[in-house]
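A.B. asks: Next up, query-v6.cif (mmCIF, C-alpha atoms, pLDDT in the B column; chains and numbers go by the auth columns).
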data_start
#
loop_
_atom_site.group_PDB
_atom_site.id
_atom_site.type_symbol
_atom_site.label_atom_id
_atom_site.label_comp_id
_atom_site.label_asym_id
_atom_site.label_seq_id
_atom_site.Cartn_x
_atom_site.Cartn_y
_atom_site.Cartn_z
_atom_site.B_iso_or_equiv
_atom_site.auth_seq_id
_atom_site.auth_asym_id
ATOM 1 C CA MET A 1 0.000 0.000 0.000 69.00 10 A
ATOM 2 C CA ALA A 2 1.229 3.526 -0.795 68.00 11 A
ATOM 3 C CA GLY A 3 1.353 6.143 1.932 81.00 12 A
ATOM 4 C CA LYS A 4 2.134 6.166 5.629 88.00 13 A
ATOM 5 C CA PRO A 5 0.070 3.632 7.626 96.00 14 A
ATOM 6 C CA THR A 6 -2.064 4.500 10.629 97.00 15 A
ATOM 7 C CA VAL A 7 -3.037 1.486 12.748 98.00 16 A
ATOM 8 C CA LEU A 8 -5.708 1.175 15.453 98.00 17 A
ATOM 9 C CA VAL A 9 -5.512 -1.956 17.604 98.00 18 A
ATOM 10 C CA SER A 10 -7.910 -3.513 20.096 97.00 19 A
ATOM 11 C CA SER A 11 -6.602 -3.664 23.651 94.00 20 A
ATOM 12 C CA ALA A 12 -7.101 -7.445 23.550 93.00 21 A
ATOM 13 C CA TYR A 13 -4.376 -7.824 20.920 94.00 22 A
ATOM 14 C CA ALA A 14 -0.687 -7.055 20.910 88.00 23 A
ATOM 15 C CA GLY A 15 2.008 -6.883 18.288 91.00 24 A
ATOM 16 C CA VAL A 16 -0.250 -5.912 15.382 96.00 25 A
ATOM 17 C CA THR A 17 1.582 -3.914 12.709 96.00 26 A
ATOM 18 C CA ASP A 18 0.640 -2.652 9.283 97.00 27 A
ATOM 19 C CA GLU A 19 2.223 -5.811 7.833 97.00 28 A
ATOM 20 C CA TRP A 20 -0.698 -7.807 9.219 97.00 29 A
ATOM 21 C CA PHE A 21 -2.921 -6.131 6.635 98.00 30 A
ATOM 22 C CA ASP A 22 -0.932 -7.523 3.702 97.00 31 A
ATOM 23 C CA ALA A 23 -2.208 -11.007 2.778 96.00 32 A
ATOM 24 C CA SER A 24 1.217 -11.933 1.381 96.00 33 A
ATOM 25 C CA PHE A 25 2.712 -11.377 4.850 97.00 34 A
ATOM 26 C CA TRP A 26 0.820 -14.458 6.043 98.00 35 A
ATOM 27 C CA GLY A 27 1.894 -16.750 3.217 97.00 36 A
ATOM 28 C CA ASP A 28 0.010 -20.049 3.304 97.00 37 A
ATOM 29 C CA SER A 29 -1.763 -18.940 6.489 97.00 38 A
ATOM 30 C CA ALA A 30 -3.944 -16.610 4.386 97.00 39 A
ATOM 31 C CA VAL A 31 -6.796 -18.252 2.482 96.00 40 A
ATOM 32 C CA PRO A 32 -9.024 -16.179 0.162 94.00 41 A
ATOM 33 C CA VAL A 33 -12.679 -15.993 1.181 92.00 42 A
ATOM 34 C CA SER A 34 -14.628 -17.840 -1.494 78.00 43 A
ATOM 35 C CA SER A 35 -17.887 -15.871 -1.206 62.00 44 A
ATOM 36 C CA GLY A 36 -18.278 -12.121 -0.859 52.00 45 A
ATOM 37 C CA GLY A 37 -15.415 -9.759 -0.162 49.00 46 A
ATOM 38 C CA ARG A 38 -15.058 -8.741 -3.852 53.00 47 A
ATOM 39 C CA GLY A 39 -11.860 -10.742 -4.014 58.00 48 A
ATOM 40 C CA SER A 40 -10.303 -8.737 -1.197 88.00 49 A
ATOM 41 C CA ALA A 41 -10.947 -10.802 1.949 94.00 50 A
ATOM 42 C CA TRP A 42 -8.923 -13.588 3.528 97.00 51 A
ATOM 43 C CA PHE A 43 -9.157 -16.017 6.408 97.00 52 A
ATOM 44 C CA ILE A 44 -5.973 -15.686 8.472 98.00 53 A
ATOM 45 C CA HIS A 45 -4.478 -18.291 10.782 97.00 54 A
ATOM 46 C CA SER A 46 -2.373 -16.350 13.293 96.00 55 A
ATOM 47 C CA ASN A 47 -0.691 -17.127 16.594 93.00 56 A
ATOM 48 C CA GLN A 48 -3.409 -15.006 18.191 92.00 57 A
ATOM 49 C CA GLY A 49 -6.279 -16.964 16.726 95.00 58 A
ATOM 50 C CA GLU A 50 -8.379 -17.195 13.582 97.00 59 A
ATOM 51 C CA LEU A 51 -8.914 -13.818 11.919 98.00 60 A
ATOM 52 C CA VAL A 52 -10.540 -12.270 8.869 98.00 61 A
ATOM 53 C CA LEU A 53 -8.698 -9.645 6.828 98.00 62 A
ATOM 54 C CA ARG A 54 -10.764 -7.432 4.558 97.00 63 A
ATOM 55 C CA HIS A 55 -9.544 -4.653 2.278 96.00 64 A
ATOM 56 C CA TYR A 56 -12.065 -1.956 1.444 96.00 65 A
ATOM 57 C CA ARG A 57 -12.989 -2.054 -2.194 93.00 66 A
ATOM 58 C CA ARG A 58 -15.577 -0.126 -4.151 83.00 67 A
ATOM 59 C CA GLY A 59 -18.402 -1.808 -6.013 65.00 68 A
ATOM 60 C CA GLY A 60 -20.386 -0.856 -9.073 47.00 69 A
ATOM 61 C CA LEU A 61 -19.281 1.419 -11.879 45.00 70 A
ATOM 62 C CA VAL A 62 -17.130 3.617 -9.656 45.00 71 A
ATOM 63 C CA ALA A 63 -14.840 0.621 -9.069 42.00 72 A
ATOM 64 C CA ARG A 64 -13.658 0.936 -12.674 42.00 73 A
ATOM 65 C CA ILE A 65 -12.275 4.366 -11.874 50.00 74 A
ATOM 66 C CA SER A 66 -10.907 3.756 -8.396 58.00 75 A
ATOM 67 C CA GLY A 67 -11.355 0.301 -6.909 74.00 76 A
ATOM 68 C CA THR A 68 -9.604 0.802 -3.571 88.00 77 A
ATOM 69 C CA LYS A 69 -9.072 4.547 -3.146 93.00 78 A
ATOM 70 C CA TYR A 70 -11.356 6.883 -1.191 95.00 79 A
ATOM 71 C CA PHE A 71 -11.278 10.623 -0.586 95.00 80 A
ATOM 72 C CA TYR A 72 -9.756 11.470 2.783 96.00 81 A
ATOM 73 C CA THR A 73 -11.985 13.837 4.777 97.00 82 A
ATOM 74 C CA GLY A 74 -10.624 13.178 8.249 96.00 83 A
ATOM 75 C CA ALA A 75 -9.591 10.154 10.304 96.00 84 A
ATOM 76 C CA GLU A 76 -13.042 9.763 11.849 95.00 85 A
ATOM 77 C CA ASN A 77 -14.516 9.310 8.353 97.00 86 A
ATOM 78 C CA VAL A 78 -12.114 6.576 7.250 98.00 87 A
ATOM 79 C CA ARG A 79 -14.269 3.531 6.640 97.00 88 A
ATOM 80 C CA ALA A 80 -12.006 1.097 8.471 98.00 89 A
ATOM 81 C CA VAL A 81 -11.843 3.383 11.509 98.00 90 A
ATOM 82 C CA ALA A 82 -15.617 3.845 11.597 98.00 91 A
ATOM 83 C CA GLU A 83 -16.306 0.121 11.294 98.00 92 A
ATOM 84 C CA PHE A 84 -13.639 -0.750 13.870 98.00 93 A
ATOM 85 C CA LYS A 85 -15.202 1.592 16.417 98.00 94 A
ATOM 86 C CA LEU A 86 -18.743 0.474 15.600 98.00 95 A
ATOM 87 C CA LEU A 87 -17.845 -3.205 16.002 98.00 96 A
ATOM 88 C CA GLY A 88 -16.176 -2.429 19.305 98.00 97 A
ATOM 89 C CA ARG A 89 -19.346 -0.809 20.600 97.00 98 A
ATOM 90 C CA LEU A 90 -21.602 -3.575 19.282 98.00 99 A
ATOM 91 C CA HIS A 91 -19.407 -6.274 20.779 98.00 100 A
ATOM 92 C CA ALA A 92 -19.263 -4.468 24.120 97.00 101 A
ATOM 93 C CA GLU A 93 -23.064 -4.323 24.160 96.00 102 A
ATOM 94 C CA GLY A 94 -23.234 -8.086 23.733 97.00 103 A
ATOM 95 C CA LEU A 95 -24.577 -8.126 20.196 98.00 104 A
ATOM 96 C CA PRO A 96 -23.579 -11.148 18.066 98.00 105 A
ATOM 97 C CA VAL A 97 -20.779 -9.699 15.914 98.00 106 A
ATOM 98 C CA PRO A 98 -17.126 -10.665 15.417 98.00 107 A
ATOM 99 C CA ALA A 99 -14.806 -8.807 17.758 98.00 108 A
ATOM 100 C CA PRO A 100 -12.663 -6.128 16.079 98.00 109 A
ATOM 101 C CA VAL A 101 -8.919 -6.763 16.107 98.00 110 A
ATOM 102 C CA ALA A 102 -7.364 -3.818 14.275 98.00 111 A
ATOM 103 C CA ALA A 103 -7.900 -1.284 11.498 98.00 112 A
ATOM 104 C CA CYS A 104 -5.387 0.370 9.201 98.00 113 A
ATOM 105 C CA TYR A 105 -5.401 3.052 6.559 98.00 114 A
ATOM 106 C CA TRP A 106 -2.782 4.442 4.237 97.00 115 A
ATOM 107 C CA ARG A 107 -3.106 8.087 3.308 96.00 116 A
ATOM 108 C CA SER A 108 -1.604 9.459 0.115 93.00 117 A
ATOM 109 C CA GLY A 109 -2.503 13.066 -0.649 91.00 118 A
ATOM 110 C CA VAL A 110 -6.266 13.457 -0.798 94.00 119 A
ATOM 111 C CA PHE A 111 -6.845 9.698 -1.015 94.00 120 A
ATOM 112 C CA TYR A 112 -6.603 6.753 1.337 96.00 121 A
ATOM 113 C CA GLN A 113 -6.821 2.976 1.248 96.00 122 A
ATOM 114 C CA ALA A 114 -7.962 0.901 4.204 97.00 123 A
ATOM 115 C CA ALA A 115 -8.317 -2.567 5.689 98.00 124 A
ATOM 116 C CA ILE A 116 -9.733 -4.183 8.817 98.00 125 A
ATOM 117 C CA LEU A 117 -8.997 -7.293 10.861 98.00 126 A
ATOM 118 C CA THR A 118 -11.695 -9.020 12.893 98.00 127 A
ATOM 119 C CA GLU A 119 -11.947 -12.269 14.785 98.00 128 A
ATOM 120 C CA ARG A 120 -13.313 -15.125 12.710 98.00 129 A
ATOM 121 C CA VAL A 121 -16.613 -16.685 13.771 97.00 130 A
ATOM 122 C CA ARG A 122 -15.820 -20.362 13.498 92.00 131 A
ATOM 123 C CA PRO A 123 -17.172 -22.871 12.756 94.00 132 A
ATOM 124 C CA ALA A 124 -19.816 -21.021 10.801 96.00 133 A
ATOM 125 C CA THR A 125 -21.692 -21.133 7.507 96.00 134 A
ATOM 126 C CA THR A 126 -23.298 -18.231 5.695 96.00 135 A
ATOM 127 C CA PHE A 127 -27.066 -18.138 5.994 98.00 136 A
ATOM 128 C CA GLY A 128 -27.432 -17.814 2.223 96.00 137 A
ATOM 129 C CA ALA A 129 -25.238 -20.799 1.359 94.00 138 A
ATOM 130 C CA LEU A 130 -27.638 -23.298 2.907 95.00 139 A
ATOM 131 C CA TRP A 131 -30.836 -21.296 3.184 96.00 140 A
ATOM 132 C CA LYS A 132 -33.072 -24.220 2.108 95.00 141 A
ATOM 133 C CA ASP A 133 -31.489 -26.558 4.646 96.00 142 A
ATOM 134 C CA TRP A 134 -31.759 -24.441 7.771 97.00 143 A
ATOM 135 C CA PRO A 135 -34.593 -25.578 10.049 97.00 144 A
ATOM 136 C CA ALA A 136 -37.422 -23.215 10.905 98.00 145 A
ATOM 137 C CA SER A 137 -35.840 -22.664 14.331 98.00 146 A
ATOM 138 C CA VAL A 138 -32.785 -21.040 12.691 98.00 147 A
ATOM 139 C CA TRP A 139 -34.960 -18.818 10.490 98.00 148 A
ATOM 140 C CA GLU A 140 -36.827 -17.677 13.573 98.00 149 A
ATOM 141 C CA LYS A 141 -33.535 -16.942 15.369 98.00 150 A
ATOM 142 C CA VAL A 142 -32.357 -14.887 12.394 98.00 151 A
ATOM 143 C CA GLY A 143 -35.507 -12.801 12.624 98.00 152 A
ATOM 144 C CA ARG A 144 -35.061 -12.326 16.354 98.00 153 A
ATOM 145 C CA THR A 145 -31.406 -11.398 15.930 98.00 154 A
ATOM 146 C CA ILE A 146 -32.193 -8.733 13.339 98.00 155 A
ATOM 147 C CA ARG A 147 -34.857 -7.364 15.678 96.00 156 A
ATOM 148 C CA GLN A 148 -32.245 -7.273 18.450 97.00 157 A
ATOM 149 C CA PHE A 149 -30.005 -5.048 16.347 97.00 158 A
ATOM 150 C CA HIS A 150 -32.925 -2.885 15.279 94.00 159 A
ATOM 151 C CA ASP A 151 -34.062 -2.444 18.867 92.00 160 A
ATOM 152 C CA HIS A 152 -30.564 -1.151 19.624 93.00 161 A
ATOM 153 C CA GLY A 153 -30.949 1.313 16.763 93.00 162 A
ATOM 154 C CA VAL A 154 -28.279 -0.415 14.663 96.00 163 A
ATOM 155 C CA PHE A 155 -28.463 0.008 10.887 96.00 164 A
ATOM 156 C CA HIS A 156 -26.630 -2.593 8.788 97.00 165 A
ATOM 157 C CA ALA A 157 -25.952 -1.010 5.398 96.00 166 A
ATOM 158 C CA ASP A 158 -25.723 -4.311 3.528 96.00 167 A
ATOM 159 C CA LEU A 159 -27.955 -6.811 5.297 98.00 168 A
ATOM 160 C CA ASN A 160 -27.827 -9.683 2.824 97.00 169 A
ATOM 161 C CA CYS A 161 -27.945 -13.434 3.351 97.00 170 A
ATOM 162 C CA PHE A 162 -24.152 -13.764 3.072 96.00 171 A
ATOM 163 C CA ASN A 163 -23.510 -11.222 5.814 97.00 172 A
ATOM 164 C CA ILE A 164 -25.295 -13.475 8.291 98.00 173 A
ATOM 165 C CA LEU A 165 -23.318 -16.390 9.713 98.00 174 A
ATOM 166 C CA ILE A 166 -24.803 -19.376 11.513 98.00 175 A
ATOM 167 C CA HIS A 167 -22.587 -20.643 14.331 97.00 176 A
ATOM 168 C CA ASP A 168 -23.917 -23.518 16.447 96.00 177 A
ATOM 169 C CA ALA A 169 -27.429 -22.687 15.203 96.00 178 A
ATOM 170 C CA SER A 170 -27.014 -19.074 16.346 97.00 179 A
ATOM 171 C CA PRO A 171 -26.850 -16.094 13.931 98.00 180 A
ATOM 172 C CA TYR A 172 -24.048 -13.535 13.776 98.00 181 A
ATOM 173 C CA LEU A 173 -23.995 -10.393 11.634 98.00 182 A
ATOM 174 C CA ILE A 174 -20.789 -9.429 9.836 97.00 183 A
ATOM 175 C CA ASP A 175 -19.469 -6.658 7.549 96.00 184 A
ATOM 176 C CA PHE A 176 -20.624 -3.407 9.135 98.00 185 A
ATOM 177 C CA ASP A 177 -19.021 -1.117 6.569 97.00 186 A
ATOM 178 C CA LYS A 178 -21.146 2.060 6.504 96.00 187 A
ATOM 179 C CA GLY A 179 -23.209 0.734 9.399 97.00 188 A
ATOM 180 C CA LYS A 180 -24.299 3.124 12.136 95.00 189 A
ATOM 181 C CA TYR A 181 -26.576 3.819 15.057 94.00 190 A
ATOM 182 C CA LEU A 182 -29.822 5.576 14.201 90.00 191 A
ATOM 183 C CA PRO A 183 -32.254 7.324 16.530 77.00 192 A
ATOM 184 C CA LYS A 184 -34.798 5.045 18.190 69.00 193 A
ATOM 185 C CA LEU A 185 -38.089 6.392 16.927 62.00 194 A
ATOM 186 C CA GLY A 186 -40.134 3.214 17.191 57.00 195 A
ATOM 187 C CA ARG A 187 -40.092 -0.296 15.778 56.00 196 A
ATOM 188 C CA VAL A 188 -41.362 0.258 12.250 62.00 197 A
ATOM 189 C CA GLU A 189 -39.167 3.017 10.847 82.00 198 A
ATOM 190 C CA ARG A 190 -38.623 2.919 7.111 89.00 199 A
ATOM 191 C CA TRP A 191 -34.958 1.882 7.444 92.00 200 A
ATOM 192 C CA LYS A 192 -35.932 -1.233 9.384 93.00 201 A
ATOM 193 C CA ARG A 193 -38.385 -2.323 6.721 94.00 202 A
ATOM 194 C CA ALA A 194 -35.774 -1.579 4.073 94.00 203 A
ATOM 195 C CA ASN A 195 -33.243 -3.744 5.938 96.00 204 A
ATOM 196 C CA LEU A 196 -35.620 -6.695 5.872 97.00 205 A
ATOM 197 C CA ALA A 197 -36.499 -6.088 2.221 97.00 206 A
ATOM 198 C CA ARG A 198 -32.809 -6.091 1.299 98.00 207 A
ATOM 199 C CA LEU A 199 -32.342 -9.429 3.028 98.00 208 A
ATOM 200 C CA TYR A 200 -35.324 -10.957 1.230 98.00 209 A
ATOM 201 C CA LYS A 201 -34.049 -9.683 -2.118 98.00 210 A
ATOM 202 C CA SER A 202 -30.645 -11.286 -1.535 97.00 211 A
ATOM 203 C CA LEU A 203 -32.324 -14.606 -0.729 98.00 212 A
ATOM 204 C CA ALA A 204 -34.530 -14.356 -3.811 97.00 213 A
ATOM 205 C CA LYS A 205 -31.393 -14.133 -5.956 96.00 214 A
ATOM 206 C CA GLU A 206 -30.516 -17.648 -4.819 95.00 215 A
ATOM 207 C CA LEU A 207 -33.759 -19.180 -6.135 95.00 216 A
ATOM 208 C CA ARG A 208 -33.406 -21.829 -8.814 92.00 217 A
ATOM 209 C CA SER A 209 -36.993 -23.027 -9.269 94.00 218 A
ATOM 210 C CA GLU A 210 -40.619 -22.239 -8.533 93.00 219 A
ATOM 211 C CA HIS A 211 -40.432 -24.745 -5.710 94.00 220 A
ATOM 212 C CA ASP A 212 -37.637 -22.659 -4.211 96.00 221 A
ATOM 213 C CA ARG A 213 -39.918 -19.634 -4.367 96.00 222 A
ATOM 214 C CA HIS A 214 -42.613 -21.378 -2.337 97.00 223 A
ATOM 215 C CA SER A 215 -40.038 -22.672 0.145 97.00 224 A
ATOM 216 C CA LEU A 216 -38.567 -19.201 0.599 98.00 225 A
ATOM 217 C CA ASP A 217 -41.972 -17.591 1.105 97.00 226 A
ATOM 218 C CA ASP A 218 -42.878 -20.153 3.783 97.00 227 A
ATOM 219 C CA LEU A 219 -39.554 -19.806 5.583 98.00 228 A
ATOM 220 C CA TRP A 220 -39.639 -16.027 5.295 98.00 229 A
ATOM 221 C CA LYS A 221 -42.890 -16.007 7.253 98.00 230 A
ATOM 222 C CA VAL A 222 -41.036 -17.824 10.037 98.00 231 A
ATOM 223 C CA LEU A 223 -38.272 -15.215 9.985 98.00 232 A
ATOM 224 C CA VAL A 224 -40.805 -12.384 10.148 98.00 233 A
ATOM 225 C CA ARG A 225 -42.551 -14.096 13.042 98.00 234 A
ATOM 226 C CA GLY A 226 -39.247 -14.261 14.882 98.00 235 A
ATOM 227 C CA TYR A 227 -38.630 -10.589 14.104 97.00 236 A
ATOM 228 C CA GLU A 228 -42.042 -9.572 15.393 96.00 237 A
ATOM 229 C CA THR A 229 -41.667 -11.687 18.522 94.00 238 A
ATOM 230 C CA GLY A 230 -38.166 -10.473 19.371 86.00 239 A
ATOM 231 C CA PHE A 231 -36.286 -11.590 22.475 76.00 240 A
#
Before anything else, please render the file you have as C-alpha cells.

C.D. replies:
Amino acid sequence: MAGKPTVLVSSAYAGVTDEWFDASFWGDSAVPVSSGGRGSAWFIHSNQGELVLRHYRRGGLVARISGTKYFYTGAENVRAVAEFKLLGRLHAEGLPVPAPVAACYWRSGVFYQAAILTERVRPATTFGALWKDWPASVWEKVGRTIRQFHDHGVFHADLNCFNILIHDASPYLIDFDKGKYLPKLGRVERWKRANLARLYKSLAKELRSEHDRHSLDDLWKVLVRGYETGF
C-alpha cells in the first residue's frame, strides 16, 4: 500500500503492525474468502487466533475508476476506523458480531486505502449458502437477531444473506461497513423495513426453481414471526 500507515488496535491484541494487513505477509496462512469480499478478503491463521482480513474495495461502476481509493476527509470518516469503532461498541453491548482486532489506513494526498482485521466466527456457515437446509428454528432466530439489532438502533448497510453467519445454530452479523446507530423512533421506521427487504431480495437471488420460491416464502414467514416476537 502507498502512503504512511495508521493502525488502530484492540486492547485485547498485541504486536499488530501494518504488515498484518498484507495477505502476502501471512503466506500459506492466508486463504481467500470464497464468497463475498469482492476478491479482497482472507481467512488468516495467526498465533493469536483465527482472523478475517478485509480490504475496502468499491463496487459498481465507480470501481472501474478507483477500486480501492477513497477521498480522505478526516480520520473519523475513514471507513475502516468507523467500522472498527462500531464493532467495538456492538461487541461491548453483547450483540452477536465478530470482535474487532485492528484497522489500518494508508493516506496518500487526498486519497486513502484501508483494511480491517476481525476475529473469525468459526465454525460457521453463511445463511445464504444453505438457506433451504436451515430448520425453521434457525430462520426464527435470524428474525429475532435482526430485531435485536434494530431495537438497539443499529443500521446494517448491507444486510444480505451472506452477511449473516450461523454458528452452532445461532446467527451472527458481519461486515458493518457504513453501518451506524440511528435514533430510536419506534419499531417500524422505514430503514428497518428496508433492511428486511434487502435481506429478502438477496435470498430471492438464490432461487433456482418455482419450488424454491414457495419454500422461501414459507420460511420467510417464520423469519418475520421471529422478528415480530423479538427476544

A.B. asks: Please write as a list in words the full residue list that the PyMOL selection byres ((chain A and resi 55-68) around 6) yields on this file.

C.D. replies: Ser49, Ala50, Trp51, Phe52, Ile53, His54, Gly69, Ala72, Gly76, Thr77, Ala123, Ala124, Ile125, Leu126, Thr127, Glu128 and Arg129 of chain A

A.B. asks: If you count all atoms listed in the file, which residues fall within 12 Å of Leu225 in chain A, apart from same-chain ones fewer than 2 positions away, as a PyMOL selection string?

C.D. replies: chain A and resi 137+139-143+145+148+208-223+227-233

A.B. asks: Just how far from CA of Phe136 in chain A is CA of Val87 in chain A, in Å to one decimal?

C.D. replies: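 So the answer is 28.9 Å.
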
A.B. asks: Out of A:Asp37, A:Glu92, A:Glu198, A:Asp177, which residue has the shortest atom-to-atom distance to Val130 in chain A when counting all atoms listed in the file?

C.D. replies: A:Asp177

A.B. asks: What are the centre and the three edge lengths of an axis-aligned box that wraps all atoms of range 24-43 of chain A in the file, given that 8 Å is added to every side, written as AutoDock Vina command-line options and rounded to one decimal in Å?

C.D. replies:
--center_x -6.0 --center_y -11.4 --center_z 8.4 --size_x 33.3 --size_y 33.4 --size_z 35.8

A.B. asks: Could you rebuild range 135-154 of chain A with N, CA, C and O atoms and give me the result as a tab-separated table (two decimals), in the coordinates of the input?

C.D. replies:
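The new file out04.tsv reads:
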chain	number	residue	atom	x	y	z
A	135	THR	N	-22.44	-19.36	6.03
A	135	THR	CA	-23.30	-18.23	5.70
A	135	THR	C	-24.75	-18.69	5.60
A	135	THR	O	-25.04	-19.80	5.14
A	136	PHE	N	-25.63	-17.85	6.03
A	136	PHE	CA	-27.07	-18.14	5.99
A	136	PHE	C	-27.52	-18.42	4.56
A	136	PHE	O	-28.31	-19.34	4.31
A	137	GLY	N	-27.00	-17.67	3.61
A	137	GLY	CA	-27.43	-17.81	2.22
A	137	GLY	C	-26.96	-19.09	1.56
A	137	GLY	O	-27.61	-19.60	0.65
A	138	ALA	N	-25.81	-19.62	2.01
A	138	ALA	CA	-25.24	-20.80	1.36
A	138	ALA	C	-26.13	-22.02	1.50
A	138	ALA	O	-26.21	-22.85	0.60
A	139	LEU	N	-26.81	-22.12	2.64
A	139	LEU	CA	-27.64	-23.30	2.91
A	139	LEU	C	-29.06	-22.90	3.30
A	139	LEU	O	-29.69	-23.57	4.12
A	140	TRP	N	-29.57	-21.85	2.70
A	140	TRP	CA	-30.84	-21.30	3.18
A	140	TRP	C	-31.96	-22.33	3.18
A	140	TRP	O	-32.81	-22.35	4.07
A	141	LYS	N	-31.99	-23.23	2.19
A	141	LYS	CA	-33.07	-24.22	2.11
A	141	LYS	C	-32.94	-25.30	3.18
A	141	LYS	O	-33.93	-25.98	3.50
A	142	ASP	N	-31.75	-25.47	3.71
A	142	ASP	CA	-31.49	-26.56	4.65
A	142	ASP	C	-31.62	-26.16	6.11
A	142	ASP	O	-31.67	-27.02	6.98
A	143	TRP	N	-31.63	-24.85	6.38
A	143	TRP	CA	-31.76	-24.44	7.77
A	143	TRP	C	-33.16	-24.75	8.28
A	143	TRP	O	-34.15	-24.48	7.61
A	144	PRO	N	-33.26	-25.31	9.48
A	144	PRO	CA	-34.59	-25.58	10.05
A	144	PRO	C	-35.31	-24.28	10.39
A	144	PRO	O	-34.70	-23.21	10.48
A	145	ALA	N	-36.61	-24.39	10.59
A	145	ALA	CA	-37.42	-23.22	10.90
A	145	ALA	C	-36.90	-22.50	12.15
A	145	ALA	O	-36.97	-21.28	12.25
A	146	SER	N	-36.34	-23.27	13.09
A	146	SER	CA	-35.84	-22.66	14.33
A	146	SER	C	-34.72	-21.67	14.05
A	146	SER	O	-34.61	-20.63	14.71
A	147	VAL	N	-33.86	-21.97	13.05
A	147	VAL	CA	-32.78	-21.04	12.69
A	147	VAL	C	-33.36	-19.80	12.02
A	147	VAL	O	-32.92	-18.67	12.30
A	148	TRP	N	-34.33	-19.97	11.13
A	148	TRP	CA	-34.96	-18.82	10.49
A	148	TRP	C	-35.59	-17.90	11.54
A	148	TRP	O	-35.50	-16.67	11.43
A	149	GLU	N	-36.21	-18.49	12.53
A	149	GLU	CA	-36.83	-17.68	13.57
A	149	GLU	C	-35.76	-16.93	14.37
A	149	GLU	O	-35.92	-15.75	14.70
A	150	LYS	N	-34.63	-17.60	14.64
A	150	LYS	CA	-33.53	-16.94	15.37
A	150	LYS	C	-32.95	-15.79	14.56
A	150	LYS	O	-32.57	-14.76	15.12
A	151	VAL	N	-32.86	-15.97	13.24
A	151	VAL	CA	-32.36	-14.89	12.39
A	151	VAL	C	-33.26	-13.67	12.51
A	151	VAL	O	-32.80	-12.54	12.67
A	152	GLY	N	-34.56	-13.90	12.47
A	152	GLY	CA	-35.51	-12.80	12.62
A	152	GLY	C	-35.37	-12.12	13.97
A	152	GLY	O	-35.37	-10.88	14.06
A	153	ARG	N	-35.21	-12.90	15.02
A	153	ARG	CA	-35.06	-12.33	16.35
A	153	ARG	C	-33.75	-11.55	16.49
A	153	ARG	O	-33.71	-10.51	17.15
A	154	THR	N	-32.70	-12.07	15.86
A	154	THR	CA	-31.41	-11.40	15.93
A	154	THR	C	-31.45	-10.05	15.23
A	154	THR	O	-30.93	-9.05	15.74
